[in-house]
Amino acid sequence: KSEQFNWDDYLKETESVAAPLHCFRQSRIPPTNDFKVGMKLEARDPRNVTSVCIATVIGITGARLRLRLDGSDNKNDFWRLVDSSDIQPIGTCEKKGGMLQPPLGFQMNASSWPTFLLRTLNGAEMAPAAFFRKEPPKPVPNCFKVGMKLEAIDRKNPYLICPATIGDVKGDEVFVTFDGWRGAFDYWCRCDSRDIFPVGWCSLTGDALQPPGNDVSITKSSAKIQSSPSKVTRRSMQSPQKSTPVPAQRGRKPGRGKPPGQSAV
Ligand code: MLY
C-alpha cells in the first residue's frame with residue numbers, strides 16, 4: 001500500500017500544532033456540496049470584482065465549485081466554496097436592482113451582450129437557492145500563531161489545497177508558507193481569508209490534499225518555536241504515488257522541487 005499523507009503523523013514528525021478551528025472563517029462542519037456540473041449561477045468576476053456575471057459549474061471538488069464565466073474563455077476558471085459570498089442564485093442581481101455584466105474578456109462584440117445573456121440563460125439549469133450556504137462569520141481577533149499548521153489553497157494553482165504553516169503574523173494578516181516548497185508559493189492573506197482551512201478540512205470534504213513538497217528542510221516555521229534551531233525535520237512521506245519511501249535527505253540543493261508523479265502545471 002502506498003504511503004498517504006497523514007496529518008497526525010506529520011504533526012508529530014514536525015513537532016507542530018494545528019491552528020485551532022476558531023481561527024478560521026470556515027464552518028466547523030464543511031458545507032455539503034449539492035451543485036452539479038452544468039448548473040448556472042451568478043458570480044462576482046474575480047478579475048473585475050464590481051461585476052456580477054453568469055457562471056457555469058464546470059467541476060465539483062470537495063466543498064468547492066470550479067466556475068467559468070459565460071462568454072469568457074476556458075483559461076480563467078476559478079474556484080469558490082459553496083458558502084462563498086461571491087456566488088448567488090440567478091435572479092439575485094436583478095432583484096437587488098443590479099445588472100448582469102459581461103465578464104472581463106468577453107469574447108464577443110460588447111454590443112452582442114444582451115442577446116448573449118438571453119441565449120445563455122434560456123433553458124439553462126439554474127442552481128437552486130437552497131444549494132447556496134451562508135458564509136460563516138469573521139473570526140475576531142487574529143488568533144493564528146507562527147508555526148501553526150493548516151491547509152491552504154495554492155494561489156498559483158488554485159485547484160490545489162496543500163499542507164502549510166503560518167510563517168508570520170501581522171495585525172489581521174498571516175503569512176501562509178507551503179511545506180516543502182521553498183517559499184515560491186507563499187503569500188500574505190487576511191486571517192479571515194476563505195483560502196485557508198483547518199487541518200483535516202480536505203478529509204472532511206473529500207477534496208484531495210496535496211502532499212508537502214520535496215524540500216525536507218521545512219523547519220522555517222518550527223525553527224522559531226523549537227528549542228533546537230539546527231534541527232532538520234525528517235519526513236518519511238514523499239508522495240502518495242510513491243510505493244517505496246525515499247530516505248530523508250539533508251541539505252538538498254536549491255531547485256524546483258517537483259513532487260514525483262505530479263504533472264507539471
Ligand atoms: N507545476 C507546478 C506545481 C507546483 C505546485 C506547488 N504547490 C503545491 C505549493 C510547479 O512545479 O511549479
# chains A, B, ... in the order shown; residues from 1 in each chain; ligands from 1
>>> select_by_dssp(residues="range 69-221 of chain A", states="strand (DSSP E or B)", output="VMD selection string")
chain A and resid 69 78 to 81 87 to 88 126 149 to 153 161 to 170 173 to 178 187 to 190 196 to 197 209
>>> closest_atom_pairs(of="range 20-86 of chain A", to="range 153-161 of chain A", cutoff="12 Å", atoms="only C-alpha atoms", output="Markdown table")
| residue | atom | partner | partner_atom | distance |
| --- | --- | --- | --- | --- |
| A:Gly59 | CA | A:Tyr159 | CA | 10.4 |
| A:Ile60 | CA | A:Tyr159 | CA | 10.4 |
| A:Thr61 | CA | A:Tyr159 | CA | 8.3 |
| A:Gly62 | CA | A:Tyr159 | CA | 10.6 |
| A:Ala63 | CA | A:Tyr159 | CA | 11.8 |
| A:Arg64 | CA | A:Tyr159 | CA | 9.2 |
| A:Leu65 | CA | A:Tyr159 | CA | 9.7 |
| A:Arg66 | CA | A:Tyr159 | CA | 8.2 |
| A:Leu67 | CA | A:Tyr159 | CA | 11.1 |
| A:Asn76 | CA | A:Pro158 | CA | 11.0 |
| A:Asp77 | CA | A:Pro158 | CA | 9.4 |
| A:Phe78 | CA | A:Pro158 | CA | 7.4 |
| A:Trp79 | CA | A:Tyr159 | CA | 6.9 |
| A:Arg80 | CA | A:Pro158 | CA | 9.8 |
| A:Leu81 | CA | A:Tyr159 | CA | 11.5 |
>>> write_last_selection(atoms="N, CA, C and O atoms", output="mmCIF file, in the first residue's frame")
data_model
loop_
_atom_site.group_PDB
_atom_site.id
_atom_site.type_symbol
_atom_site.label_atom_id
_atom_site.label_comp_id
_atom_site.auth_asym_id
_atom_site.auth_seq_id
_atom_site.Cartn_x
_atom_site.Cartn_y
_atom_site.Cartn_z
ATOM 1 N N GLY A 59 -16.876 22.061 -12.623
ATOM 2 C CA GLY A 59 -16.406 20.910 -11.847
ATOM 3 C C GLY A 59 -16.763 21.068 -10.385
ATOM 4 O O GLY A 59 -17.109 22.167 -9.933
ATOM 5 N N ILE A 60 -16.696 19.952 -9.673
ATOM 6 C CA ILE A 60 -17.007 19.922 -8.247
ATOM 7 C C ILE A 60 -15.792 19.343 -7.544
ATOM 8 O O ILE A 60 -15.276 18.305 -7.965
ATOM 9 N N THR A 61 -15.301 20.019 -6.517
ATOM 10 C CA THR A 61 -14.191 19.453 -5.760
ATOM 11 C C THR A 61 -14.376 19.768 -4.285
ATOM 12 O O THR A 61 -14.286 20.917 -3.880
ATOM 13 N N GLY A 62 -14.717 18.752 -3.514
ATOM 14 C CA GLY A 62 -14.999 18.947 -2.098
ATOM 15 C C GLY A 62 -16.133 19.935 -1.916
ATOM 16 O O GLY A 62 -17.166 19.833 -2.575
ATOM 17 N N ALA A 63 -15.925 20.927 -1.059
ATOM 18 C CA ALA A 63 -16.952 21.947 -0.813
ATOM 19 C C ALA A 63 -16.831 23.105 -1.797
ATOM 20 O O ALA A 63 -17.446 24.149 -1.610
ATOM 21 N N ARG A 64 -16.027 22.907 -2.844
ATOM 22 C CA ARG A 64 -15.795 23.986 -3.807
ATOM 23 C C ARG A 64 -16.383 23.678 -5.180
ATOM 24 O O ARG A 64 -16.589 22.521 -5.551
ATOM 25 N N LEU A 65 -16.604 24.776 -5.930
ATOM 26 C CA LEU A 65 -17.083 24.668 -7.301
ATOM 27 C C LEU A 65 -16.005 25.217 -8.217
ATOM 28 O O LEU A 65 -15.401 26.252 -7.918
ATOM 29 N N ARG A 66 -15.784 24.537 -9.323
ATOM 30 C CA ARG A 66 -14.936 25.121 -10.357
ATOM 31 C C ARG A 66 -15.866 25.879 -11.301
ATOM 32 O O ARG A 66 -16.797 25.293 -11.861
ATOM 33 N N LEU A 67 -15.637 27.175 -11.435
ATOM 34 C CA LEU A 67 -16.560 28.037 -12.175
ATOM 35 C C LEU A 67 -15.909 28.643 -13.416
ATOM 36 O O LEU A 67 -14.703 28.916 -13.429
ATOM 37 N N ASN A 76 -9.552 31.018 -17.547
ATOM 38 C CA ASN A 76 -9.693 31.824 -16.336
ATOM 39 C C ASN A 76 -10.684 31.233 -15.342
ATOM 40 O O ASN A 76 -11.385 31.967 -14.633
ATOM 41 N N ASP A 77 -10.722 29.917 -15.303
ATOM 42 C CA ASP A 77 -11.605 29.256 -14.338
ATOM 43 C C ASP A 77 -11.182 29.645 -12.927
ATOM 44 O O ASP A 77 -10.022 29.942 -12.670
ATOM 45 N N PHE A 78 -12.145 29.630 -12.019
ATOM 46 C CA PHE A 78 -11.836 29.949 -10.627
ATOM 47 C C PHE A 78 -12.659 29.038 -9.734
ATOM 48 O O PHE A 78 -13.608 28.390 -10.180
ATOM 49 N N TRP A 79 -12.257 28.964 -8.478
ATOM 50 C CA TRP A 79 -12.867 28.019 -7.539
ATOM 51 C C TRP A 79 -13.496 28.791 -6.385
ATOM 52 O O TRP A 79 -12.886 29.738 -5.863
ATOM 53 N N ARG A 80 -14.697 28.413 -6.014
ATOM 54 C CA ARG A 80 -15.366 29.063 -4.883
ATOM 55 C C ARG A 80 -16.030 28.019 -3.996
ATOM 56 O O ARG A 80 -16.550 27.016 -4.476
ATOM 57 N N LEU A 81 -16.008 28.301 -2.693
ATOM 58 C CA LEU A 81 -16.714 27.449 -1.739
ATOM 59 C C LEU A 81 -18.218 27.631 -1.940
ATOM 60 O O LEU A 81 -18.667 28.714 -2.337
#
>>> atom_distance(atom1="CA of Ser51 in chain A", atom2="CA of Gln101 in chain A")
5.8 Å
>>> closest_residue(among="A:Ala124, A:Leu11, A:Leu150, A:Cys162", to="Val174 in chain A", atoms="only C-alpha atoms")
A:Leu150
>>> atom_distance(atom1="CA of Ala129 in chain A", atom2="CA of Pro89 in chain A")
5.4 Å
>>> residues_around(residues="Met126 in chain A", least_positions_apart="3", cutoff="9 Å", atoms="only C-alpha atoms", output="list in words")
Gly38, Met39, Lys40, Leu41, Pro89, Ile90, Leu121, Gly123 and Ala129 of chain A
>>> write_last_selection(atoms="C-alpha atoms", output="PDB file, in the first residue's frame")
ATOM      1  CA  GLY A  38     -23.617  22.388 -15.822  1.00  0.00           C
ATOM      2  CA  MET A  39     -25.653  24.411 -13.327  1.00  0.00           C
ATOM      3  CA  LYS A  40     -25.606  28.164 -13.700  1.00  0.00           C
ATOM      4  CA  LEU A  41     -25.365  30.841 -11.043  1.00  0.00           C
ATOM      5  CA  PRO A  89     -28.637  32.194  -7.337  1.00  0.00           C
ATOM      6  CA  ILE A  90     -29.599  33.539 -10.748  1.00  0.00           C
ATOM      7  CA  LEU A 121     -29.987  31.810 -19.686  1.00  0.00           C
ATOM      8  CA  GLY A 123     -33.315  26.806 -20.881  1.00  0.00           C
ATOM      9  CA  ALA A 129     -31.182  28.782  -3.988  1.00  0.00           C
TER      10      ALA A 129
END
>>> residues_around(residues="range 184-194 of chain A", least_positions_apart="4", cutoff="8 Å", atoms="only C-alpha atoms", output="ChimeraX atom specification")
/A:23-26,81,84,138-139,142,144,154-156,172-178
